[in-house]
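**Q** You'll find target_22.tsv just under this line, and it carries TSV, C-alpha atoms and all ligand atoms.
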```tsv
chain	number	residue	atom	x	y	z
L	1	MET	CA	0.00	0.00	0.00
L	2	ILE	CA	1.28	3.47	-0.96
L	3	LEU	CA	0.17	6.67	0.80
L	4	ILE	CA	-0.25	9.88	-1.24
L	5	THR	CA	-0.73	13.08	0.77
L	6	GLY	CA	-2.24	16.23	-0.81
L	7	ALA	CA	-3.87	13.74	-3.15
L	8	ALA	CA	-6.89	15.75	-4.35
L	9	GLY	CA	-4.87	18.62	-5.85
L	10	LYS	CA	-3.49	19.02	-9.35
L	11	THR	CA	-0.27	17.16	-8.52
L	12	GLY	CA	-1.89	14.55	-6.29
L	13	LEU	CA	-4.43	13.47	-8.92
L	14	ALA	CA	-1.71	12.99	-11.54
L	15	ILE	CA	0.44	10.95	-9.14
L	16	LEU	CA	-2.57	8.90	-8.01
L	17	LYS	CA	-3.51	7.94	-11.58
L	18	ALA	CA	0.07	6.96	-12.45
L	19	VAL	CA	0.57	4.91	-9.27
L	20	LEU	CA	-2.79	3.13	-9.67
L	21	SER	CA	-1.97	2.17	-13.24
L	22	ALA	CA	1.23	0.57	-11.91
L	23	GLY	CA	-1.03	-1.74	-9.89
L	24	GLU	CA	-0.24	-1.14	-6.19
L	25	PRO	CA	-3.11	-0.23	-3.83
L	26	VAL	CA	-3.19	3.38	-2.69
L	27	ARG	CA	-4.30	5.21	0.46
L	28	VAL	CA	-4.92	8.93	-0.04
L	29	LEU	CA	-4.94	11.82	2.43
L	30	VAL	CA	-7.47	14.51	1.46
L	31	ARG	CA	-9.02	17.48	3.24
L	32	ARG	CA	-12.73	17.11	2.42
L	33	ASP	CA	-15.35	14.35	2.28
L	34	PHE	CA	-16.37	15.05	-1.33
L	35	GLN	CA	-12.70	14.66	-2.38
L	36	ALA	CA	-12.64	11.30	-0.58
L	37	ALA	CA	-15.62	10.11	-2.63
L	38	GLU	CA	-14.08	11.35	-5.90
L	39	LEU	CA	-10.75	9.64	-5.24
L	40	ARG	CA	-12.43	6.36	-4.27
L	41	GLU	CA	-14.23	6.60	-7.59
L	42	LEU	CA	-10.84	6.95	-9.32
L	43	GLY	CA	-9.59	3.79	-7.61
L	44	ALA	CA	-8.03	4.79	-4.26
L	45	GLN	CA	-8.59	1.84	-1.91
L	46	GLU	CA	-8.30	3.72	1.40
L	47	VAL	CA	-8.95	7.34	2.35
L	48	VAL	CA	-7.92	9.43	5.35
L	49	VAL	CA	-9.81	12.74	5.58
L	50	GLY	CA	-8.73	15.80	7.54
L	51	ASP	CA	-6.23	18.59	8.12
L	52	MET	CA	-2.63	17.69	7.25
L	53	GLU	CA	-1.47	20.20	9.85
L	54	GLU	CA	-2.74	17.76	12.54
L	55	PRO	CA	0.12	15.39	13.54
L	56	ALA	CA	-2.40	12.72	14.65
L	57	LEU	CA	-3.93	12.66	11.16
L	58	LEU	CA	-0.51	12.10	9.61
L	59	GLN	CA	0.15	9.28	12.09
L	60	ARG	CA	-3.10	7.61	11.01
L	61	ALA	CA	-2.26	8.13	7.34
L	62	PHE	CA	1.25	6.63	7.56
L	63	ASP	CA	0.29	3.68	9.74
L	64	GLY	CA	0.72	0.37	7.87
L	65	VAL	CA	1.78	1.66	4.43
L	66	ARG	CA	4.91	0.44	2.59
L	67	ALA	CA	5.84	3.74	0.93
L	68	ALA	CA	4.60	7.32	0.89
L	69	TYR	CA	4.54	10.16	-1.65
L	70	HIS	CA	4.34	13.40	0.32
L	71	ILE	CA	2.87	16.47	-1.41
L	72	CYS	CA	2.59	19.54	0.78
L	73	PRO	CA	-0.41	21.71	-0.19
L	74	ASN	CA	0.61	24.57	-2.47
L	75	MET	CA	1.65	27.82	-0.74
L	76	ASN	CA	1.36	26.47	2.81
L	77	SER	CA	3.44	28.68	5.14
L	78	ASP	CA	4.01	25.70	7.47
L	79	GLU	CA	5.53	23.34	4.90
L	80	VAL	CA	8.48	22.67	7.25
L	81	GLY	CA	6.26	21.83	10.23
L	82	ILE	CA	4.11	19.53	8.09
L	83	GLY	CA	7.26	17.93	6.64
L	84	GLN	CA	8.69	17.34	10.12
L	85	ASN	CA	5.42	15.77	11.32
L	86	ALA	CA	5.23	13.57	8.22
L	87	ILE	CA	8.81	12.39	8.81
L	88	THR	CA	8.04	11.64	12.48
L	89	ALA	CA	4.92	9.69	11.48
L	90	ALA	CA	6.93	7.79	8.84
L	91	ARG	CA	9.60	6.83	11.37
L	92	GLU	CA	7.01	5.66	13.90
L	93	ALA	CA	5.35	3.58	11.18
L	94	GLU	CA	8.76	2.14	10.11
L	95	LEU	CA	8.06	3.25	6.54
L	96	GLU	CA	10.17	1.56	3.86
L	97	HIS	CA	10.41	4.51	1.41
L	98	PHE	CA	9.55	8.24	1.72
L	99	VAL	CA	9.29	10.15	-1.58
L	100	TYR	CA	9.09	13.92	-1.24
L	101	HIS	CA	7.57	16.20	-3.89
L	102	SER	CA	9.95	19.16	-3.72
L	103	VAL	CA	10.65	21.72	-6.45
L	104	LEU	CA	13.40	22.59	-8.93
L	105	HIS	CA	16.01	24.87	-7.28
L	106	PRO	CA	14.80	24.78	-3.67
L	107	GLN	CA	18.11	26.56	-2.90
L	108	VAL	CA	16.64	29.92	-3.90
L	109	GLN	CA	16.16	31.67	-0.56
L	110	GLU	CA	14.23	34.62	-2.03
L	111	MET	CA	11.31	32.27	-2.77
L	112	ALA	CA	9.97	31.09	0.59
L	113	HIS	CA	8.04	28.17	-0.88
L	114	HIS	CA	11.30	26.88	-2.41
L	115	TRP	CA	13.44	27.52	0.65
L	116	ASN	CA	10.93	25.71	2.90
L	117	LYS	CA	11.24	22.67	0.67
L	118	LEU	CA	15.04	22.80	0.99
L	119	LEU	CA	14.62	22.75	4.79
L	120	VAL	CA	12.38	19.66	4.52
L	121	GLU	CA	14.99	18.02	2.28
L	122	GLY	CA	17.54	18.70	5.04
L	123	LEU	CA	15.26	17.03	7.60
L	124	LEU	CA	15.03	13.97	5.36
L	125	PHE	CA	18.85	13.69	5.17
L	126	LYS	CA	18.93	13.46	8.97
L	127	SER	CA	15.81	11.30	9.38
L	128	GLY	CA	17.32	7.83	8.96
L	129	LEU	CA	14.52	7.11	6.44
L	130	ASN	CA	15.05	5.75	2.94
L	131	TYR	CA	14.06	8.80	0.96
L	132	THR	CA	13.92	10.04	-2.64
L	133	ILE	CA	13.49	13.72	-3.48
L	134	LEU	CA	11.82	14.80	-6.74
L	135	GLN	CA	12.36	18.39	-7.88
L	136	PRO	CA	9.96	19.28	-10.72
L	137	ALA	CA	10.17	22.48	-12.77
L	138	SER	CA	6.98	24.50	-13.28
L	139	TYR	CA	4.25	22.43	-14.92
L	140	MET	CA	3.04	22.85	-18.50
L	141	GLN	CA	-0.40	22.32	-16.96
L	142	ASN	CA	-0.17	25.78	-15.30
L	143	ILE	CA	-1.06	27.28	-18.72
L	144	SER	CA	-4.64	26.00	-18.32
L	145	GLY	CA	-5.36	28.88	-15.90
L	146	TYR	CA	-4.77	31.32	-18.78
L	147	TRP	CA	-6.99	29.79	-21.50
L	148	SER	CA	-10.12	31.91	-20.91
L	149	LYS	CA	-8.17	35.16	-20.90
L	150	MET	CA	-6.18	34.16	-23.99
L	151	LEU	CA	-9.36	33.31	-25.85
L	152	ALA	CA	-11.12	36.50	-24.78
L	153	THR	CA	-8.28	39.00	-25.28
L	154	GLY	CA	-5.56	37.28	-27.32
L	155	GLU	CA	-3.11	38.07	-24.51
L	156	TYR	CA	-0.98	35.85	-22.29
L	157	GLY	CA	-0.47	38.23	-19.38
L	158	ILE	CA	2.27	37.33	-16.90
L	159	PRO	CA	3.80	39.55	-14.18
L	160	TYR	CA	7.42	39.07	-15.32
L	161	SER	CA	9.54	39.55	-18.44
L	162	VAL	CA	8.17	37.96	-21.63
L	163	ASP	CA	11.81	37.07	-22.47
L	164	ALA	CA	12.50	35.03	-19.31
L	165	ARG	CA	13.02	31.33	-20.14
L	166	PHE	CA	11.50	28.22	-18.57
L	167	SER	CA	12.07	24.47	-18.91
L	168	MET	CA	8.45	23.59	-18.12
L	169	VAL	CA	7.68	19.95	-17.43
L	170	ASP	CA	4.59	17.88	-18.24
L	171	LEU	CA	3.04	16.90	-14.89
L	172	ASP	CA	2.09	13.53	-16.41
L	173	ASP	CA	5.81	12.87	-17.08
L	174	VAL	CA	6.54	13.78	-13.44
L	175	ALA	CA	3.82	11.34	-12.34
L	176	GLN	CA	5.22	8.52	-14.48
L	177	ALA	CA	8.70	9.12	-13.06
L	178	ALA	CA	7.25	9.16	-9.53
L	179	ALA	CA	5.41	5.88	-10.13
L	180	ARG	CA	8.67	4.29	-11.31
L	181	VAL	CA	10.58	5.54	-8.26
L	182	LEU	CA	7.89	4.15	-5.95
L	183	ARG	CA	7.76	0.82	-7.81
L	184	GLU	CA	11.53	0.30	-7.90
L	185	GLY	CA	12.19	1.53	-4.36
L	186	ALA	CA	15.75	0.75	-3.19
L	187	ARG	CA	17.38	1.72	-6.51
L	188	HIS	CA	16.32	5.31	-5.80
L	189	TYR	CA	17.09	5.57	-2.07
L	190	ARG	CA	19.02	8.77	-1.13
L	191	ALA	CA	18.58	10.18	-4.67
L	192	THR	CA	17.55	13.74	-5.59
L	193	TYR	CA	16.21	14.11	-9.12
L	194	GLU	CA	15.61	17.35	-11.03
L	195	LEU	CA	12.63	16.83	-13.36
L	196	CYS	CA	12.53	19.30	-16.27
L	197	GLY	CA	11.27	19.46	-19.84
L	198	SER	CA	13.85	19.63	-22.64
L	199	GLN	CA	12.89	23.03	-24.11
L	200	LEU	CA	13.91	26.47	-22.88
L	201	LEU	CA	10.89	28.56	-23.80
L	202	SER	CA	10.23	32.26	-23.33
L	203	SER	CA	6.67	33.49	-22.70
L	204	ILE	CA	6.74	34.93	-26.24
L	205	GLU	CA	7.25	31.39	-27.58
L	206	ILE	CA	4.76	29.88	-25.11
L	207	ALA	CA	2.09	32.35	-26.29
L	208	GLU	CA	2.82	31.67	-29.98
L	209	MET	CA	2.57	27.91	-29.49
L	210	ALA	CA	-0.58	28.18	-27.36
L	211	GLY	CA	-2.11	30.48	-30.01
L	212	GLN	CA	-1.41	27.92	-32.75
L	213	ALA	CA	-3.06	25.23	-30.65
L	214	ILE	CA	-6.25	27.23	-30.08
L	215	HIS	CA	-6.28	28.78	-33.58
L	216	ARG	CA	-6.02	32.34	-32.34
L	217	GLN	CA	-3.18	34.83	-32.33
L	218	VAL	CA	-1.89	35.14	-28.76
L	219	GLN	CA	0.71	37.64	-27.61
L	220	ALA	CA	2.69	37.55	-24.37
L	221	VAL	CA	2.47	40.79	-22.37
L	222	THR	CA	4.10	41.73	-19.07
L	223	MET	CA	1.48	42.87	-16.60
L	224	ASN	CA	2.32	45.30	-13.83
L	225	ARG	CA	3.07	43.44	-10.55
L	226	GLY	CA	1.13	46.07	-8.57
L	227	VAL	CA	-1.95	45.36	-10.71
L	228	TRP	CA	-1.43	41.61	-10.19
L	229	GLU	CA	-1.17	42.13	-6.42
L	230	GLN	CA	-4.32	44.25	-6.26
L	231	SER	CA	-6.28	41.63	-8.16
L	232	ALA	CA	-4.88	38.80	-5.96
L	233	ARG	CA	-5.91	40.79	-2.86
L	234	GLU	CA	-9.42	41.34	-4.22
L	235	ASN	CA	-9.72	37.63	-4.97
L	236	GLY	CA	-8.90	36.83	-1.32
L	237	MET	CA	-5.38	35.41	-1.72
L	238	ASN	CA	-3.73	35.31	1.73
L	239	ASP	CA	-0.69	37.45	2.66
L	240	TYR	CA	1.82	34.59	2.60
L	241	ALA	CA	0.79	33.36	-0.85
L	242	ARG	CA	0.67	36.90	-2.27
L	243	THR	CA	4.07	38.01	-0.99
L	244	THR	CA	5.69	34.68	-1.87
L	245	LEU	CA	4.32	34.71	-5.41
L	246	LEU	CA	5.45	38.32	-5.87
L	247	LYS	CA	8.99	37.29	-4.90
L	248	MET	CA	8.74	34.39	-7.33
L	249	PHE	CA	7.70	36.74	-10.17
L	250	GLU	CA	10.62	39.06	-9.35
L	251	TYR	CA	12.95	36.05	-9.51
L	252	TYR	CA	11.43	34.81	-12.80
L	253	ASP	CA	11.75	38.33	-14.19
L	254	ARG	CA	15.51	38.35	-13.64
L	255	TYR	CA	16.52	34.72	-14.02
L	256	GLY	CA	13.67	32.69	-15.56
L	257	PHE	CA	13.41	29.16	-14.17
L	258	ALA	CA	15.31	26.47	-16.04
L	259	GLY	CA	17.00	23.14	-15.44
L	260	ASN	CA	18.15	20.00	-17.24
L	261	ALA	CA	16.01	17.25	-18.82
L	262	THR	CA	18.47	14.33	-18.77
L	263	VAL	CA	17.39	12.80	-15.47
L	264	LEU	CA	13.70	12.87	-16.40
L	265	GLY	CA	14.50	11.32	-19.79
L	266	ASN	CA	16.41	8.51	-18.05
L	267	LEU	CA	13.55	7.84	-15.63
L	268	LEU	CA	10.97	7.81	-18.42
L	269	GLY	CA	13.10	5.81	-20.88
L	270	ARG	CA	12.11	8.35	-23.58
L	271	ALA	CA	12.42	12.06	-24.28
L	272	PRO	CA	10.29	14.23	-21.96
L	273	THR	CA	7.07	15.59	-23.50
L	274	ARG	CA	7.54	18.76	-25.55
L	275	PHE	CA	5.20	21.72	-25.02
L	276	GLU	CA	3.62	21.37	-28.48
L	277	GLU	CA	2.92	17.68	-27.75
L	278	TYR	CA	1.33	18.62	-24.43
L	279	LEU	CA	-0.84	21.25	-26.18
L	280	LYS	CA	-1.92	18.76	-28.85
L	281	ARG	CA	-2.93	16.27	-26.15
L	282	THR	CA	-4.86	18.77	-24.04
L	283	THR	CA	-6.20	21.77	-25.96
L	284	HIS	CA	-9.46	19.93	-26.70
L	285	LEU	CA	-9.99	20.38	-22.92
L	286	SER	CA	-9.70	24.18	-23.17
L	287	PRO	CA	-12.84	26.39	-23.02
L	288	SER	CA	-12.61	26.99	-26.80
L	289	ASN	CA	-14.23	23.61	-27.48
N	301	LIG	N1	2.47	24.10	-9.85
N	301	LIG	C1	3.72	23.85	-10.19
N	301	LIG	O1	4.17	24.21	-11.29
N	301	LIG	C2	4.63	23.12	-9.22
N	301	LIG	C3	5.93	22.77	-9.63
N	301	LIG	C4	6.76	22.08	-8.73
N	301	LIG	C5	6.29	21.77	-7.45
N	301	LIG	N2	5.02	22.15	-7.10
N	301	LIG	C6	4.57	21.80	-5.73
N	301	LIG	O2	3.53	20.83	-5.80
N	301	LIG	C7	2.80	20.86	-4.56
N	301	LIG	C8	1.34	20.70	-4.85
N	301	LIG	O3	0.89	21.77	-5.66
N	301	LIG	P1	-0.53	21.70	-6.39
N	301	LIG	O4	-0.61	22.91	-7.25
N	301	LIG	O5	-0.78	20.36	-6.95
N	301	LIG	O6	-1.51	21.93	-5.15
N	301	LIG	P2	-3.04	22.13	-5.15
N	301	LIG	O7	-3.64	21.79	-6.52
N	301	LIG	O8	-3.29	23.47	-4.58
N	301	LIG	O9	-3.52	20.98	-4.18
N	301	LIG	C9	-3.35	21.03	-2.83
N	301	LIG	C10	-4.29	20.00	-2.21
N	301	LIG	O10	-4.02	19.96	-0.82
N	301	LIG	C11	-5.25	20.17	-0.13
N	301	LIG	N3	-4.99	20.86	1.13
N	301	LIG	C12	-4.76	22.19	1.34
N	301	LIG	N4	-4.53	22.42	2.64
N	301	LIG	C13	-4.66	21.22	3.27
N	301	LIG	C14	-4.58	20.81	4.62
N	301	LIG	N5	-4.29	21.68	5.60
N	301	LIG	N6	-4.78	19.51	4.91
N	301	LIG	C15	-5.08	18.60	3.93
N	301	LIG	N7	-5.16	18.93	2.65
N	301	LIG	C16	-4.96	20.23	2.31
N	301	LIG	C17	-6.11	20.98	-1.06
N	301	LIG	O11	-7.45	20.81	-0.70
N	301	LIG	P3	-8.57	21.92	-1.03
N	301	LIG	O12	-8.91	21.66	-2.47
N	301	LIG	O13	-9.61	21.59	-0.08
N	301	LIG	O14	-7.94	23.27	-0.82
N	301	LIG	C18	-5.76	20.37	-2.41
N	301	LIG	O15	-6.50	19.20	-2.65
N	301	LIG	C19	3.16	22.18	-3.87
N	301	LIG	O16	3.98	21.89	-2.77
N	301	LIG	C20	3.92	22.94	-4.95
N	301	LIG	O17	4.89	23.81	-4.42
N	301	LIG	C21	4.18	22.79	-7.94
```
Now, as a test, write the supplied structure out as structure tokens.
**A**
Amino acid sequence: MILITGAAGKTGLAILKAVLSAGEPVRVLVRRDFQAAELRELGAQEVVVGDMEEPALLQRAFDGVRAAYHICPNMNSDEVGIGQNAITAAREAELEHFVYHSVLHPQVQEMAHHWNKLLVEGLLFKSGLNYTILQPASYMQNISGYWSKMLATGEYGIPYSVDARFSMVDLDDVAQAAARVLREGARHYRATYELCGSQLLSSIEIAEMAGQAIHRQVQAVTMNRGVWEQSARENGMNDYARTTLLKMFEYYDRYGFAGNATVLGNLLGRAPTRFEEYLKRTTHLSPSN
């Protein structure tokens, strides 16, 4: 039995589907009852429902599983506390293999959600557990949040330079690599893997390719970060998420966010998915159809 925490989110669902298709039973940790029902429907055998910030819930979730894939909820200011509690629960349960969903370049201190993941990685080194750390780049799937605006205005508006470059990764590739790591276990103990796509794309190129896929001219434009912040505030985004994302945009503006695709290619046994392939596979899901 494999535990997946944060299982009802974007990442969790992709990992769940990949692990289930590899055949091992899965227990999921989700926050809400309706998510429990949905994930059972998808094939999860066991469900633990509640707040991941509760150590007792993590203890219940880790009890009796062989391996765990830990996904901290996005933009949680207590990622380190949750990570520590998950590690404690894993040790108590004598877990065989702890796989941690980190992020590419957790070493960047300016971005709190990266730095917190680095601190959790450090806890794993000292935990005595058999661990594997996966460090994905930003997902190609993040583009789906922009479809409606692109279709309505022909603009891909991002709060950083349109020239900054990214080695976006297909989340489904990440999930397949994760399923392999979980299946093969010991071969991946104490490993840290950067998981990146093979292209280095600017937002200008991303917009052009997305436009071709939805048969509309789309242009990348840099939106003012103050305007972004105001809109995030009005939409109820909390202080931690807002300030952390602003720092991330400042970082992207100066440095982009890019890594190397070789490790992912090795884990997949094929070239990582290219952005145009991802678009071809998914644009029928966009609001244009
Ligand atoms: N997006 C990227 O490009 C990217 C790249 C690399 C790494 N990552 C990392 O991937 C991780 C997951 O991101 P994501 O975008 O997949 O997250 P997400 O879609 O926001 O999913 C988070 C899930 O956790 C649940 N959750 C939130 N707070 C919880 C709590 N206290 N207890 C139990 N469950 C809780 C949420 O439930 P509700 O639906 O009820 O809120 C949701 O189902 C993050 O750590 C992120 O940093 C993301």
**Q** Between atom CA of L:Glu38 and atom CA of L:Val174, what is the distance, to one decimal in Å?
**A**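 Calculated distance between atom CA of L:Glu38 and atom CA of L:Val174 is 22.1 Å.
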**Q** Just how far from atom CA of L:Ser77 is atom CA of L:His113, in Å to one decimal?
**A**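 Between atom CA of L:His113 and atom CA of L:Ser77 the gap is 7.6 Å.
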**Q** Could you tell me which of L:Met140, L:Leu29, L:Met52, L:Leu42 comes closest to ligand LIG 301 (chain N) if we count all atoms listed in the file?
**A**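 Closest to ligand LIG 301 (chain N) of all the choices is L:Met52.
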**Q** Please, what distance in Å, to one decimal, runs between atom CA of L:Gly50 and atom CA of L:Met1?
**A**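 The value is 19.6 Å.
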**Q** Tell me, counting only C-alpha atoms and all ligand atoms, for each residue of chain L within 7 Å of ligand LIG 301 (chain N), which pair of atoms is nearest and how far apart they are in Å to one decimal, in rows ordered by chain and increasing number, as a Markdown table.
**A**
```
| residue | atom | partner | partner_atom | distance |
| --- | --- | --- | --- | --- |
| L:Gly6 | CA | N:LIG301 | O10 | 4.1 |
| L:Ala7 | CA | N:LIG301 | O15 | 6.1 |
| L:Ala8 | CA | N:LIG301 | O15 | 3.9 |
| L:Gly9 | CA | N:LIG301 | O9 | 3.2 |
| L:Lys10 | CA | N:LIG301 | O5 | 3.9 |
| L:Thr11 | CA | N:LIG301 | O5 | 3.6 |
| L:Gly12 | CA | N:LIG301 | O5 | 6.0 |
| L:Leu29 | CA | N:LIG301 | C15 | 6.9 |
| L:Val30 | CA | N:LIG301 | N7 | 5.1 |
| L:Arg31 | CA | N:LIG301 | C15 | 4.2 |
| L:Arg32 | CA | N:LIG301 | O13 | 6.0 |
| L:Gly50 | CA | N:LIG301 | C15 | 5.8 |
| L:Asp51 | CA | N:LIG301 | N6 | 3.6 |
| L:Met52 | CA | N:LIG301 | N6 | 3.7 |
| L:Glu53 | CA | N:LIG301 | N5 | 5.3 |
| L:Ile71 | CA | N:LIG301 | C7 | 5.4 |
| L:Cys72 | CA | N:LIG301 | O16 | 4.5 |
| L:Pro73 | CA | N:LIG301 | C9 | 4.0 |
| L:Asn74 | CA | N:LIG301 | C19 | 3.8 |
| L:Met75 | CA | N:LIG301 | O17 | 6.3 |
| L:His101 | CA | N:LIG301 | O2 | 6.4 |
| L:Ser102 | CA | N:LIG301 | C5 | 5.8 |
| L:Val103 | CA | N:LIG301 | C5 | 4.5 |
| L:Leu104 | CA | N:LIG301 | C4 | 6.7 |
| L:His113 | CA | N:LIG301 | O17 | 6.4 |
| L:Gln135 | CA | N:LIG301 | C4 | 6.8 |
| L:Pro136 | CA | N:LIG301 | C4 | 4.7 |
| L:Ala137 | CA | N:LIG301 | C3 | 5.3 |
| L:Ser138 | CA | N:LIG301 | O1 | 3.5 |
| L:Tyr139 | CA | N:LIG301 | O1 | 4.0 |
| L:Asn142 | CA | N:LIG301 | O1 | 6.1 |
```
**Q** Just write the chosen residues, C-alpha atoms, as a PDB file, in the coordinates of the input.
**A**
```pdb
ATOM      1  CA  GLY L   6      -2.240  16.230  -0.810  1.00  0.00           C
ATOM      2  CA  ALA L   7      -3.870  13.740  -3.150  1.00  0.00           C
ATOM      3  CA  ALA L   8      -6.890  15.750  -4.350  1.00  0.00           C
ATOM      4  CA  GLY L   9      -4.870  18.620  -5.850  1.00  0.00           C
ATOM      5  CA  LYS L  10      -3.490  19.020  -9.350  1.00  0.00           C
ATOM      6  CA  THR L  11      -0.270  17.160  -8.520  1.00  0.00           C
ATOM      7  CA  GLY L  12      -1.890  14.550  -6.290  1.00  0.00           C
ATOM      8  CA  LEU L  29      -4.940  11.820   2.430  1.00  0.00           C
ATOM      9  CA  VAL L  30      -7.470  14.510   1.460  1.00  0.00           C
ATOM     10  CA  ARG L  31      -9.020  17.480   3.240  1.00  0.00           C
ATOM     11  CA  ARG L  32     -12.730  17.110   2.420  1.00  0.00           C
ATOM     12  CA  GLY L  50      -8.730  15.800   7.540  1.00  0.00           C
ATOM     13  CA  ASP L  51      -6.230  18.590   8.120  1.00  0.00           C
ATOM     14  CA  MET L  52      -2.630  17.690   7.250  1.00  0.00           C
ATOM     15  CA  GLU L  53      -1.470  20.200   9.850  1.00  0.00           C
ATOM     16  CA  ILE L  71       2.870  16.470  -1.410  1.00  0.00           C
ATOM     17  CA  CYS L  72       2.590  19.540   0.780  1.00  0.00           C
ATOM     18  CA  PRO L  73      -0.410  21.710  -0.190  1.00  0.00           C
ATOM     19  CA  ASN L  74       0.610  24.570  -2.470  1.00  0.00           C
ATOM     20  CA  MET L  75       1.650  27.820  -0.740  1.00  0.00           C
ATOM     21  CA  HIS L 101       7.570  16.200  -3.890  1.00  0.00           C
ATOM     22  CA  SER L 102       9.950  19.160  -3.720  1.00  0.00           C
ATOM     23  CA  VAL L 103      10.650  21.720  -6.450  1.00  0.00           C
ATOM     24  CA  LEU L 104      13.400  22.590  -8.930  1.00  0.00           C
ATOM     25  CA  HIS L 113       8.040  28.170  -0.880  1.00  0.00           C
ATOM     26  CA  GLN L 135      12.360  18.390  -7.880  1.00  0.00           C
ATOM     27  CA  PRO L 136       9.960  19.280 -10.720  1.00  0.00           C
ATOM     28  CA  ALA L 137      10.170  22.480 -12.770  1.00  0.00           C
ATOM     29  CA  SER L 138       6.980  24.500 -13.280  1.00  0.00           C
ATOM     30  CA  TYR L 139       4.250  22.430 -14.920  1.00  0.00           C
ATOM     31  CA  ASN L 142      -0.170  25.780 -15.300  1.00  0.00           C
TER      32      ASN L 142
END
```
**Q** I'd like the contact shell of L:Ala22 - 10 Å cut-off, all atoms listed in the file, skipping same-chain residues fewer than 4 positions apart - returned as a list in words.
**A**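 These residues fall inside the cut-off: Leu16, Lys17, Ala18, Gln176, Ala179, Arg180, Leu182 and Arg183 of chain L.
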**Q** Kindly reconstruct stretch 98-110 of chain L with N, CA, C and O atoms and present the result as a PDB file, keeping the file's coordinate frame.
**A**
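What ended up in out05.pdb:
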```pdb
ATOM      1  N   PHE L  98      10.221   6.933   1.653  1.00  0.00           N
ATOM      2  CA  PHE L  98       9.550   8.240   1.720  1.00  0.00           C
ATOM      3  C   PHE L  98       9.951   9.035   0.479  1.00  0.00           C
ATOM      4  O   PHE L  98      11.133   9.360   0.302  1.00  0.00           O
ATOM      5  N   VAL L  99       8.990   9.339  -0.380  1.00  0.00           N
ATOM      6  CA  VAL L  99       9.290  10.150  -1.580  1.00  0.00           C
ATOM      7  C   VAL L  99       8.686  11.529  -1.358  1.00  0.00           C
ATOM      8  O   VAL L  99       7.499  11.661  -1.023  1.00  0.00           O
ATOM      9  N   TYR L 100       9.514  12.542  -1.538  1.00  0.00           N
ATOM     10  CA  TYR L 100       9.090  13.920  -1.240  1.00  0.00           C
ATOM     11  C   TYR L 100       8.968  14.717  -2.532  1.00  0.00           C
ATOM     12  O   TYR L 100       9.916  14.782  -3.323  1.00  0.00           O
ATOM     13  N   HIS L 101       7.806  15.353  -2.719  1.00  0.00           N
ATOM     14  CA  HIS L 101       7.570  16.200  -3.890  1.00  0.00           C
ATOM     15  C   HIS L 101       8.103  17.592  -3.565  1.00  0.00           C
ATOM     16  O   HIS L 101       7.422  18.390  -2.934  1.00  0.00           O
ATOM     17  N   SER L 102       9.321  17.865  -3.993  1.00  0.00           N
ATOM     18  CA  SER L 102       9.950  19.160  -3.720  1.00  0.00           C
ATOM     19  C   SER L 102       9.747  20.057  -4.947  1.00  0.00           C
ATOM     20  O   SER L 102       8.682  20.045  -5.570  1.00  0.00           O
ATOM     21  N   VAL L 103      10.760  20.810  -5.306  1.00  0.00           N
ATOM     22  CA  VAL L 103      10.650  21.720  -6.450  1.00  0.00           C
ATOM     23  C   VAL L 103      12.043  21.933  -7.024  1.00  0.00           C
ATOM     24  O   VAL L 103      13.043  21.826  -6.293  1.00  0.00           O
ATOM     25  N   LEU L 104      12.117  22.245  -8.318  1.00  0.00           N
ATOM     26  CA  LEU L 104      13.400  22.590  -8.930  1.00  0.00           C
ATOM     27  C   LEU L 104      13.992  23.800  -8.191  1.00  0.00           C
ATOM     28  O   LEU L 104      13.279  24.751  -7.880  1.00  0.00           O
ATOM     29  N   HIS L 105      15.276  23.766  -7.917  1.00  0.00           N
ATOM     30  CA  HIS L 105      16.010  24.870  -7.280  1.00  0.00           C
ATOM     31  C   HIS L 105      15.391  25.310  -5.948  1.00  0.00           C
ATOM     32  O   HIS L 105      15.054  26.493  -5.776  1.00  0.00           O
ATOM     33  N   PRO L 106      15.279  24.372  -4.999  1.00  0.00           N
ATOM     34  CA  PRO L 106      14.800  24.780  -3.670  1.00  0.00           C
ATOM     35  C   PRO L 106      15.812  25.683  -2.967  1.00  0.00           C
ATOM     36  O   PRO L 106      15.478  26.335  -1.978  1.00  0.00           O
ATOM     37  N   GLN L 107      17.039  25.761  -3.528  1.00  0.00           N
ATOM     38  CA  GLN L 107      18.110  26.560  -2.900  1.00  0.00           C
ATOM     39  C   GLN L 107      17.873  28.062  -2.989  1.00  0.00           C
ATOM     40  O   GLN L 107      18.650  28.847  -2.433  1.00  0.00           O
ATOM     41  N   VAL L 108      16.838  28.474  -3.711  1.00  0.00           N
ATOM     42  CA  VAL L 108      16.640  29.920  -3.900  1.00  0.00           C
ATOM     43  C   VAL L 108      15.931  30.504  -2.674  1.00  0.00           C
ATOM     44  O   VAL L 108      14.725  30.332  -2.501  1.00  0.00           O
ATOM     45  N   GLN L 109      16.684  31.200  -1.849  1.00  0.00           N
ATOM     46  CA  GLN L 109      16.160  31.670  -0.560  1.00  0.00           C
ATOM     47  C   GLN L 109      15.103  32.754  -0.722  1.00  0.00           C
ATOM     48  O   GLN L 109      14.210  32.887   0.115  1.00  0.00           O
ATOM     49  N   GLU L 110      15.213  33.541  -1.821  1.00  0.00           N
ATOM     50  CA  GLU L 110      14.230  34.620  -2.030  1.00  0.00           C
ATOM     51  C   GLU L 110      12.807  34.089  -2.139  1.00  0.00           C
ATOM     52  O   GLU L 110      11.856  34.811  -1.892  1.00  0.00           O
TER      53      GLU L 110
END
```
